[in-house]
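See below for data03.cif, which holds mmCIF, C-alpha atoms.
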data_input
loop_
_atom_site.label_atom_id
_atom_site.label_comp_id
_atom_site.auth_asym_id
_atom_site.auth_seq_id
_atom_site.Cartn_x
_atom_site.Cartn_y
_atom_site.Cartn_z
CA MET A 1 118.58 104.06 49.34
CA PRO A 2 119.30 101.90 46.25
CA PHE A 3 119.67 103.50 42.83
CA LEU A 4 116.60 103.42 40.60
CA GLY A 5 118.53 103.33 37.31
CA GLN A 6 119.13 100.25 35.19
CA ASP A 7 122.81 100.24 36.03
CA TRP A 8 123.48 100.12 39.76
CA ARG A 9 126.59 102.29 39.24
CA SER A 10 124.62 105.10 37.57
CA PRO A 11 123.14 108.06 39.52
CA GLY A 12 119.55 107.78 40.58
CA GLN A 13 116.65 109.49 38.87
CA SER A 14 115.30 112.87 39.97
CA TRP A 15 111.96 112.86 41.76
CA VAL A 16 109.73 115.84 42.56
CA LYS A 17 107.00 116.12 45.20
CA THR A 18 103.64 117.06 43.63
CA ALA A 19 100.03 117.17 44.78
CA ASP A 20 99.48 113.69 43.35
CA GLY A 21 102.58 112.24 44.98
CA TRP A 22 106.20 111.70 43.90
CA THR A 23 106.90 111.85 40.16
CA ARG A 24 110.09 111.73 38.12
CA PHE A 25 111.24 115.12 36.86
CA LEU A 26 110.80 115.50 33.11
CA ASP A 27 113.10 117.79 31.10
CA GLU A 28 111.02 119.86 28.64
CA LYS A 29 113.85 120.34 26.12
CA SER A 30 115.09 116.82 25.84
CA GLY A 31 111.72 115.20 26.55
CA GLY A 32 113.40 112.70 28.88
CA TYR A 33 113.81 112.31 32.60
CA VAL A 34 116.61 114.18 34.35
CA GLY A 35 119.22 111.83 35.72
CA ASP A 36 120.96 114.19 38.15
CA ILE A 37 119.15 116.28 40.70
CA SER A 38 121.95 118.83 40.74
CA SER A 39 121.28 119.85 37.11
CA PHE A 40 117.70 120.52 37.96
CA CYS A 41 118.64 122.53 41.04
CA LYS A 42 121.07 124.72 39.13
CA LYS A 43 118.38 125.70 36.66
CA ASP A 44 115.95 126.88 39.25
CA ASP A 45 117.00 127.58 42.85
CA HIS A 46 113.44 128.56 43.70
CA ASN A 47 112.20 125.06 42.89
CA LYS A 48 114.94 123.67 45.11
CA GLU A 49 113.70 125.70 48.05
CA ASN A 50 110.10 124.63 47.42
CA LEU A 51 111.20 121.01 47.17
CA PHE A 52 112.87 120.94 50.58
CA ASN A 53 110.11 123.01 52.18
CA SER A 54 107.52 120.54 50.96
CA LEU A 55 109.59 117.71 52.39
CA ASN A 56 109.83 119.40 55.79
CA TYR A 57 106.12 120.20 55.87
CA ASP A 58 105.26 116.63 54.89
CA VAL A 59 107.47 115.14 57.62
CA ALA A 60 106.11 117.54 60.25
CA ALA A 61 102.51 116.76 59.29
CA LYS A 62 103.13 113.02 59.50
CA LYS A 63 104.82 113.45 62.89
CA ARG A 64 101.92 115.46 64.29
CA LYS A 65 99.48 112.84 63.00
CA LYS A 66 101.51 110.05 64.56
CA ASP A 67 101.70 111.84 67.92
CA LEU A 68 97.95 112.40 67.84
CA LEU A 69 97.31 108.74 67.15
CA ASN A 70 99.67 107.73 69.95
CA ASN A 71 97.77 109.94 72.38
CA LYS A 72 94.28 108.77 71.41
CA ALA A 73 94.87 105.13 70.51
CA LYS A 74 93.24 102.74 72.97
CA ILE A 75 94.23 99.51 71.24
CA GLN A 76 96.69 97.43 73.20
CA TYR A 77 99.27 95.85 70.94
CA PHE A 78 99.85 92.72 73.00
CA HIS A 79 98.04 89.60 74.10
CA GLN A 80 96.48 89.44 77.57
CA GLU A 81 97.30 86.23 79.38
CA LYS A 82 96.06 84.65 82.59
CA TRP A 83 99.57 83.63 83.63
CA ILE A 84 103.16 84.30 82.59
CA TYR A 85 106.47 82.57 83.17
CA VAL A 86 108.92 84.70 85.16
CA HIS A 87 112.52 84.02 84.14
CA LYS A 88 115.38 86.08 85.54
CA GLY A 89 118.22 84.77 83.42
CA SER A 90 119.16 83.06 80.18
CA THR A 91 119.08 79.29 79.92
CA LYS A 92 119.54 76.80 77.10
CA GLU A 93 115.80 76.75 76.54
CA ARG A 94 115.04 80.44 77.00
CA HIS A 95 117.06 83.57 76.39
CA GLY A 96 116.62 86.92 78.09
CA TYR A 97 114.57 87.72 81.15
CA CYS A 98 111.12 89.02 82.10
CA THR A 99 110.88 92.71 82.98
CA LEU A 100 108.33 94.69 84.96
CA GLY A 101 106.99 96.31 81.80
CA GLU A 102 106.58 92.96 80.05
CA ALA A 103 104.70 91.48 83.01
CA PHE A 104 102.53 94.60 83.27
CA ASN A 105 101.63 94.28 79.58
CA ARG A 106 100.95 90.58 79.44
CA LEU A 107 98.93 90.15 82.64
CA ASP A 108 95.30 91.12 82.25
CA PHE A 109 95.06 94.19 84.48
CA SER A 110 92.36 95.77 82.31
CA SER A 111 89.89 93.07 83.30
CA ALA A 112 91.18 92.96 86.87
CA ILE A 113 89.94 96.48 87.62
CA LEU A 114 86.39 95.33 86.87
CA ASP A 115 86.65 92.77 89.70
CA SER A 116 85.94 94.36 93.08
CA ARG A 117 88.31 91.88 94.77
CA ARG A 118 91.25 92.96 92.61
CA PHE A 119 90.48 96.66 92.19
CA ASN A 120 92.38 97.91 95.26
CA TYR A 121 95.32 95.66 94.39
CA VAL A 122 95.66 97.14 90.90
CA VAL A 123 95.26 100.71 92.18
CA ARG A 124 97.99 100.17 94.77
CA LEU A 125 100.25 98.71 92.09
CA LEU A 126 99.64 101.72 89.85
CA GLU A 127 100.52 104.02 92.73
CA LEU A 128 103.80 102.23 93.48
CA ILE A 129 104.77 102.32 89.78
CA ALA A 130 103.97 106.04 89.65
CA LYS A 131 106.23 106.72 92.63
CA SER A 132 109.42 105.03 91.52
CA GLN A 133 109.06 102.61 88.59
CA LEU A 134 107.53 104.70 85.81
CA THR A 135 110.86 105.26 84.05
CA SER A 136 111.64 101.53 84.06
CA LEU A 137 108.62 100.76 81.87
CA SER A 138 108.93 100.50 78.12
CA GLY A 139 107.07 102.84 75.80
CA ILE A 140 104.19 100.44 75.18
CA ALA A 141 104.02 99.65 78.92
CA GLN A 142 103.77 103.36 79.75
CA LYS A 143 101.01 103.70 77.18
CA ASN A 144 99.22 100.71 78.65
CA TYR A 145 99.62 102.26 82.10
CA MET A 146 97.78 105.41 81.01
CA ASN A 147 95.05 103.38 79.27
CA ILE A 148 94.40 101.33 82.41
CA LEU A 149 94.44 104.49 84.52
CA GLU A 150 91.81 106.05 82.28
CA LYS A 151 89.62 102.96 82.66
CA VAL A 152 89.99 103.17 86.44
CA VAL A 153 88.89 106.82 86.44
CA GLN A 154 85.90 106.09 84.20
CA LYS A 155 84.84 103.22 86.48
CA VAL A 156 85.00 105.47 89.55
CA LEU A 157 82.99 108.19 87.80
CA GLU A 158 80.31 105.66 86.90
CA ASP A 159 79.88 103.78 90.19
CA GLN A 160 80.96 106.71 92.47
CA GLN A 161 83.11 104.53 94.71
CA ASN A 162 86.76 104.74 95.85
CA ILE A 163 86.91 108.42 94.93
CA ARG A 164 89.54 109.38 97.52
CA LEU A 165 91.70 106.43 96.55
CA ILE A 166 91.86 107.53 92.90
CA ARG A 167 92.43 111.15 93.86
CA GLU A 168 95.55 110.13 95.76
CA LEU A 169 96.70 108.01 92.82
CA LEU A 170 96.31 110.86 90.33
CA GLN A 171 98.07 113.32 92.64
CA THR A 172 100.99 110.92 93.11
CA LEU A 173 101.32 110.37 89.38
CA TYR A 174 101.11 114.08 88.57
CA THR A 175 103.78 114.92 91.16
CA SER A 176 106.11 112.25 89.77
CA LEU A 177 105.62 113.46 86.19
CA CYS A 178 106.32 117.06 87.19
CA THR A 179 109.59 115.94 88.76
CA LEU A 180 110.60 113.84 85.77
CA VAL A 181 109.76 116.50 83.20
CA GLN A 182 111.13 119.58 84.96
CA ARG A 183 113.87 118.55 87.37
CA VAL A 184 115.36 115.30 86.12
CA GLY A 185 115.06 115.98 82.39
CA LYS A 186 113.19 114.85 79.32
CA SER A 187 115.38 111.86 78.47
CA VAL A 188 114.00 109.67 81.29
CA LEU A 189 110.54 109.43 79.69
CA VAL A 190 109.95 107.44 76.53
CA GLY A 191 108.26 109.43 73.77
CA ASN A 192 107.77 113.01 72.77
CA ILE A 193 107.66 115.56 75.58
CA ASN A 194 104.48 117.02 74.08
CA MET A 195 102.80 113.64 74.51
CA TRP A 196 103.59 113.64 78.24
CA VAL A 197 102.38 117.21 78.59
CA HIS A 198 99.12 116.08 77.00
CA ARG A 199 98.91 113.22 79.49
CA MET A 200 99.52 115.58 82.40
CA GLU A 201 96.67 117.75 81.14
CA SER A 202 94.48 114.64 81.06
CA ILE A 203 95.37 113.92 84.69
CA LEU A 204 94.34 117.45 85.68
CA HIS A 205 91.08 116.98 83.79
CA TRP A 206 90.40 113.71 85.61
CA GLN A 207 91.10 115.38 88.95
CA GLN A 208 88.63 118.11 88.10
CA GLN A 209 86.00 115.52 87.20
CA LEU A 210 86.49 113.73 90.52
CA ASN A 211 86.24 117.02 92.43
CA ASN A 212 82.98 117.89 90.69
CA ILE A 213 81.36 114.51 91.21
CA GLN A 214 78.02 114.57 93.02
CA ILE A 215 77.01 111.51 95.02
CA THR A 216 73.44 110.65 94.11
CA ARG A 217 71.18 109.27 96.81
CA PRO A 218 69.84 105.83 95.84
CA ALA A 219 66.14 105.44 95.28
CA PHE A 220 66.01 102.46 97.64
CA LYS A 221 63.49 103.09 100.46
CA GLY A 222 64.06 99.98 102.56
CA THR A 223 66.15 99.53 105.68
CA THR A 224 69.12 101.87 105.84
CA PHE A 225 72.31 101.73 107.87
CA THR A 226 70.96 104.01 110.57
CA ASP A 227 67.89 101.78 111.01
CA LEU A 228 70.05 98.89 112.23
CA PRO A 229 70.69 98.28 115.95
CA LEU A 230 73.72 100.03 117.42
CA CYS A 231 75.57 96.76 117.96
CA LEU A 232 75.25 95.90 114.27
CA GLN A 233 76.35 99.38 113.24
CA LEU A 234 79.47 99.06 115.39
CA ASN A 235 80.11 95.59 114.01
CA ILE A 236 79.99 96.95 110.45
CA MET A 237 82.19 99.92 111.30
CA GLN A 238 84.81 97.57 112.73
CA ARG A 239 85.18 96.08 109.22
CA LEU A 240 86.52 99.39 107.89
CA SER A 241 90.31 99.30 107.66
CA ASP A 242 90.86 103.02 106.98
CA GLY A 243 90.35 105.57 109.72
CA ARG A 244 89.44 108.23 107.19
CA ASP A 245 86.39 106.16 106.25
CA LEU A 246 85.28 106.21 109.88
CA VAL A 247 85.63 109.98 109.99
CA SER A 248 83.65 110.36 106.77
CA LEU A 249 80.96 108.01 108.05
CA GLY A 250 80.65 110.07 111.23
CA GLN A 251 79.85 113.16 109.18
CA VAL A 252 76.70 111.58 107.70
CA ALA A 253 74.48 111.80 110.77
CA PRO A 254 74.82 112.92 114.41
CA ASP A 255 74.21 109.40 115.72
CA LEU A 256 76.99 108.04 113.54
CA GLN A 257 79.28 110.81 114.79
CA VAL A 258 78.96 109.44 118.33
CA LEU A 259 79.69 105.88 117.18
CA SER A 260 82.71 106.94 115.12
CA GLU A 261 84.33 108.34 118.28
CA ASP A 262 84.17 105.03 120.13
CA ARG A 263 87.54 104.36 121.82
CA LEU A 264 87.33 100.59 121.42
CA LEU A 265 86.76 101.04 117.67
CA TRP A 266 89.95 103.07 117.23
CA LYS A 267 91.90 100.78 119.54
CA LYS A 268 91.11 97.73 117.41
CA LEU A 269 92.03 99.72 114.31
CA CYS A 270 95.45 100.59 115.76
CA GLN A 271 96.08 97.02 116.87
CA TYR A 272 95.14 95.75 113.43
CA HIS A 273 97.61 97.92 111.50
CA PHE A 274 100.51 98.29 113.94
CA THR A 275 102.52 96.20 116.36
CA ASP A 276 102.55 96.69 120.14
CA ARG A 277 106.08 98.06 119.98
CA GLN A 278 105.07 100.69 117.44
CA ILE A 279 102.05 101.66 119.52
CA ARG A 280 104.11 102.04 122.72
CA LYS A 281 106.39 104.52 120.95
CA ARG A 282 103.49 106.81 119.99
CA LEU A 283 101.33 106.99 123.11
CA ILE A 284 99.04 110.03 123.39
CA LEU A 285 96.93 110.81 126.46
CA SER A 286 93.63 112.69 126.36
CA ASP A 287 92.52 115.40 128.77
CA LYS A 288 90.93 112.72 130.94
CA GLY A 289 94.20 110.82 131.27
CA GLN A 290 93.14 108.01 128.91
CA LEU A 291 94.81 106.88 125.72
CA ASP A 292 93.50 108.82 122.74
CA TRP A 293 93.43 106.00 120.20
CA LYS A 294 92.09 108.19 117.40
CA LYS A 295 94.97 110.66 117.58
CA MET A 296 97.41 107.78 118.00
CA TYR A 297 96.12 106.17 114.80
CA PHE A 298 96.65 109.25 112.64
CA LYS A 299 100.09 109.77 114.18
CA LEU A 300 101.05 106.14 113.57
CA ILE A 301 100.08 106.19 109.88
CA ARG A 302 102.50 109.09 109.36
CA CYS A 303 105.34 107.07 110.88
CA TYR A 304 104.68 103.47 109.83
CA PRO A 305 103.05 101.78 106.83
CA ARG A 306 99.58 100.39 107.32
CA LYS A 307 98.75 96.71 106.95
CA GLU A 308 97.60 95.88 103.46
CA GLN A 309 94.79 93.43 102.83
CA TYR A 310 93.30 92.49 99.45
CA GLY A 311 90.48 90.23 98.40
CA ASP A 312 92.51 88.74 95.56
CA THR A 313 96.21 88.97 94.78
CA LEU A 314 98.79 87.78 92.30
CA GLN A 315 100.60 84.63 93.28
CA LEU A 316 103.89 83.07 92.28
CA CYS A 317 104.38 79.32 91.96
CA ARG A 318 107.75 78.42 93.50
CA HIS A 319 107.88 75.18 91.57
CA CYS A 320 107.43 76.39 87.99
CA HIS A 321 107.98 80.18 88.47
CA ILE A 322 104.61 81.09 86.94
CA LEU A 323 102.89 84.32 87.94
CA SER A 324 99.09 84.36 87.87
CA TRP A 325 96.04 85.65 89.67
CA LYS A 326 94.86 83.70 92.69
CA GLY A 327 92.47 80.94 91.67
CA THR A 328 93.74 80.81 88.08
CA ASP A 329 94.85 77.39 86.90
CA HIS A 330 98.29 77.18 85.31
CA PRO A 331 100.25 74.23 83.87
CA CYS A 332 102.13 73.12 86.97
CA THR A 333 103.94 69.76 87.24
CA ALA A 334 103.95 69.71 91.05
CA ASN A 335 101.95 67.05 92.84
CA ASN A 336 100.16 69.65 94.95
CA PRO A 337 100.29 73.04 93.18
CA GLU A 338 98.35 74.85 95.90
CA THR A 339 101.14 74.38 98.44
CA CYS A 340 103.70 75.84 96.04
CA SER A 341 101.93 79.19 95.52
CA THR A 342 102.96 82.34 97.37
CA SER A 343 100.76 85.43 97.47
CA LEU A 344 102.48 88.63 96.36
CA SER A 345 101.68 92.10 97.60
CA PRO A 346 101.98 94.98 95.10
CA GLN A 347 105.43 95.79 96.49
CA ASP A 348 106.48 92.12 96.25
CA PHE A 349 105.35 92.13 92.61
CA ILE A 350 107.67 95.06 91.85
CA ASN A 351 110.55 93.57 93.85
CA LEU A 352 110.23 90.38 91.83
CA PHE A 353 111.68 92.16 88.78
CA ARG A 354 114.60 93.86 90.48
CA PHE A 355 117.78 92.17 89.35
#

Take the structure in the file and write it out as structure tokens.
Amino acid sequence: MPFLGQDWRSPGQSWVKTADGWTRFLDEKSGGYVGDISSFCKKDDHNKENLFNSLNYDVAAKKRKKDLLNNKAKIQYFHQEKWIYVHKGSTKERHGYCTLGEAFNRLDFSSAILDSRRFNYVVRLLELIAKSQLTSLSGIAQKNYMNILEKVVQKVLEDQQNIRLIRELLQTLYTSLCTLVQRVGKSVLVGNINMWVHRMESILHWQQQLNNIQITRPAFKGTTFTDLPLCLQLNIMQRLSDGRDLVSLGQVAPDLQVLSEDRLLWKKLCQYHFTDRQIRKRLILSDKGQLDWKKMYFKLIRCYPRKEQYGDTLQLCRHCHILSWKGTDHPCTANNPETCSTSLSPQDFINLFRF
């Protein structure tokens, strides 16, 4: 800290913390300001102790206020963009490289969760980051991650859809945070440990809200799903890509329970997610000597990953290395930009930033 005296070689002036702020210490005998803090401290050791105590209390109060603001602030301190340039090395025109946290901050994921075509994509990306990439994010990226997660939970509580999907996401994130905080250590997470404890408490609160949610029956009195012909009901059920949804649908009504046990329905579901070689390794016969496709499906999902399908995905232009949402125009110099774009799965998006 520079000296406050007229001569830069002279000792600085003595300042005292008061209720109105910092003021220079005034000597009552001489009527002037004390030039050396040590002379003031020798006269009254009690004032010295009060001085340093006030400093410690002031710093602690500011720190608690800052931590509280960091926990409750919802403002994102970056610009949302429709596309970003992905550079993996330094060139003459551009220095540095693009990281996962930078891409997560700059791409507009907050608006993407409001689009039903992109919702499952963003949720899957959040789950993959929670499993293995949370420590690679910067402090502002981790904060943005929690803000987006809170918006996802609020959206699910409002529209009462995708409840199981968000439950699994919150459980995965909570398990990862418990491992990072307790087993690995505190140094792997950016920020105060109390801030992460507060976030873990928020996750538990969100889980409790999802468990207490009550599905309200719509007031619509027109044609319902059970009023449709059986062939149309089966046709709609074949569009479900998760076997757990079929089981849940079968618990709604006895007639739907019979349809949800259809062997052809589970056979098509197994053939959609898994290859013939994978299916041949996990054959299960029923009591009647037939293949039990339902049991085979739930055994296969424990051994192999399911096929992922999204309505809208991020895509990478191989010509100009620009990352954007599908259908978003970007400044590409290629003659036919559509042929240069490659769709990225959530895992491909994460692998893109592994150097």

Query raised in the report: For the file shown, what are the residues hit by the PyMOL selection byres ((chain A and resi 227-241) around 10), laid out as a PyMOL selection string?
Result: chain A and resi 222-226+242-246+249+255-256+259-260+262+264-266+268-270+272-273+306-309

**Report entry** Two-atom distance - atom CA of A:Ile350, atom CA of A:Leu100 (Å)
**Finding:**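 Separation of atom CA of A:Ile350 and atom CA of A:Leu100: 6.9 Å.
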
Query raised in the report: Residues at most 10 Å from stretch 153-160 of chain A, counting all atoms listed in the file, excluding those fewer than 5 positions away in the same chain, as a list in words?
Result: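 Answer for this query is Ile113, Leu114, Ile148, Leu165, Ile166, Arg167, Leu170, Ile203, Trp206, Gln207, Gln209, Leu210, Ile213, Gln214, Ile215 and Thr216 of chain A.
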
Report task. Work out how far atom CA of A:Tyr85 is from atom CA of A:Thr328, in Å to one decimal. Result ->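 Rounded to one decimal, the two atoms are 13.8 Å apart.
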
Query raised in the report: Which polymer residues have any atom within 8 Å of an atom of stretch 313-315 of chain A, counting all atoms listed in the file, with same-chain residues fewer than 3 positions away left out, as JSON, numbers by chain?
Result: {"A": [118, 121, 310, 323, 324, 325, 326, 341, 342, 343, 344, 345, 349]}

Could you add whatever atoms are missing so that stretch 335-349 of chain A carries N, CA, C and O atoms, then write the result as a PDB file, in the coordinates of the input?
ATOM      1  N   ASN A 335     103.015  67.941  92.405  1.00  0.00           N
ATOM      2  CA  ASN A 335     101.950  67.050  92.840  1.00  0.00           C
ATOM      3  C   ASN A 335     100.808  67.807  93.517  1.00  0.00           C
ATOM      4  O   ASN A 335      99.642  67.476  93.340  1.00  0.00           O
ATOM      5  N   ASN A 336     101.161  68.829  94.273  1.00  0.00           N
ATOM      6  CA  ASN A 336     100.160  69.650  94.950  1.00  0.00           C
ATOM      7  C   ASN A 336     100.467  71.117  94.657  1.00  0.00           C
ATOM      8  O   ASN A 336     101.194  71.773  95.410  1.00  0.00           O
ATOM      9  N   PRO A 337      99.945  71.659  93.565  1.00  0.00           N
ATOM     10  CA  PRO A 337     100.290  73.040  93.180  1.00  0.00           C
ATOM     11  C   PRO A 337      99.875  74.088  94.191  1.00  0.00           C
ATOM     12  O   PRO A 337     100.498  75.149  94.270  1.00  0.00           O
ATOM     13  N   GLU A 338      98.829  73.823  94.974  1.00  0.00           N
ATOM     14  CA  GLU A 338      98.350  74.850  95.900  1.00  0.00           C
ATOM     15  C   GLU A 338      99.361  75.144  96.991  1.00  0.00           C
ATOM     16  O   GLU A 338      99.443  76.282  97.474  1.00  0.00           O
ATOM     17  N   THR A 339     100.147  74.155  97.389  1.00  0.00           N
ATOM     18  CA  THR A 339     101.140  74.380  98.440  1.00  0.00           C
ATOM     19  C   THR A 339     102.376  75.102  97.919  1.00  0.00           C
ATOM     20  O   THR A 339     103.189  75.579  98.714  1.00  0.00           O
ATOM     21  N   CYS A 340     102.530  75.189  96.621  1.00  0.00           N
ATOM     22  CA  CYS A 340     103.700  75.840  96.040  1.00  0.00           C
ATOM     23  C   CYS A 340     103.471  77.318  95.719  1.00  0.00           C
ATOM     24  O   CYS A 340     104.405  77.997  95.273  1.00  0.00           O
ATOM     25  N   SER A 341     102.268  77.816  95.900  1.00  0.00           N
ATOM     26  CA  SER A 341     101.930  79.190  95.520  1.00  0.00           C
ATOM     27  C   SER A 341     102.151  80.132  96.692  1.00  0.00           C
ATOM     28  O   SER A 341     101.821  79.813  97.835  1.00  0.00           O
ATOM     29  N   THR A 342     102.706  81.297  96.386  1.00  0.00           N
ATOM     30  CA  THR A 342     102.960  82.340  97.370  1.00  0.00           C
ATOM     31  C   THR A 342     102.265  83.614  96.921  1.00  0.00           C
ATOM     32  O   THR A 342     102.463  84.070  95.793  1.00  0.00           O
ATOM     33  N   SER A 343     101.456  84.184  97.799  1.00  0.00           N
ATOM     34  CA  SER A 343     100.760  85.430  97.470  1.00  0.00           C
ATOM     35  C   SER A 343     101.754  86.587  97.466  1.00  0.00           C
ATOM     36  O   SER A 343     102.633  86.671  98.333  1.00  0.00           O
ATOM     37  N   LEU A 344     101.588  87.483  96.513  1.00  0.00           N
ATOM     38  CA  LEU A 344     102.480  88.630  96.360  1.00  0.00           C
ATOM     39  C   LEU A 344     101.699  89.913  96.604  1.00  0.00           C
ATOM     40  O   LEU A 344     100.629  90.121  96.022  1.00  0.00           O
ATOM     41  N   SER A 345     102.234  90.759  97.443  1.00  0.00           N
ATOM     42  CA  SER A 345     101.680  92.100  97.600  1.00  0.00           C
ATOM     43  C   SER A 345     102.115  92.947  96.410  1.00  0.00           C
ATOM     44  O   SER A 345     103.006  92.549  95.637  1.00  0.00           O
ATOM     45  N   PRO A 346     101.518  94.130  96.203  1.00  0.00           N
ATOM     46  CA  PRO A 346     101.980  94.980  95.100  1.00  0.00           C
ATOM     47  C   PRO A 346     103.468  95.301  95.156  1.00  0.00           C
ATOM     48  O   PRO A 346     104.142  95.331  94.120  1.00  0.00           O
ATOM     49  N   GLN A 347     104.000  95.514  96.368  1.00  0.00           N
ATOM     50  CA  GLN A 347     105.430  95.790  96.490  1.00  0.00           C
ATOM     51  C   GLN A 347     106.253  94.545  96.168  1.00  0.00           C
ATOM     52  O   GLN A 347     107.322  94.638  95.553  1.00  0.00           O
ATOM     53  N   ASP A 348     105.778  93.375  96.580  1.00  0.00           N
ATOM     54  CA  ASP A 348     106.480  92.120  96.250  1.00  0.00           C
ATOM     55  C   ASP A 348     106.485  91.889  94.741  1.00  0.00           C
ATOM     56  O   ASP A 348     107.461  91.350  94.192  1.00  0.00           O
ATOM     57  N   PHE A 349     105.416  92.268  94.068  1.00  0.00           N
ATOM     58  CA  PHE A 349     105.350  92.130  92.610  1.00  0.00           C
ATOM     59  C   PHE A 349     106.431  92.980  91.937  1.00  0.00           C
ATOM     60  O   PHE A 349     107.090  92.536  90.996  1.00  0.00           O
TER      61      PHE A 349
END
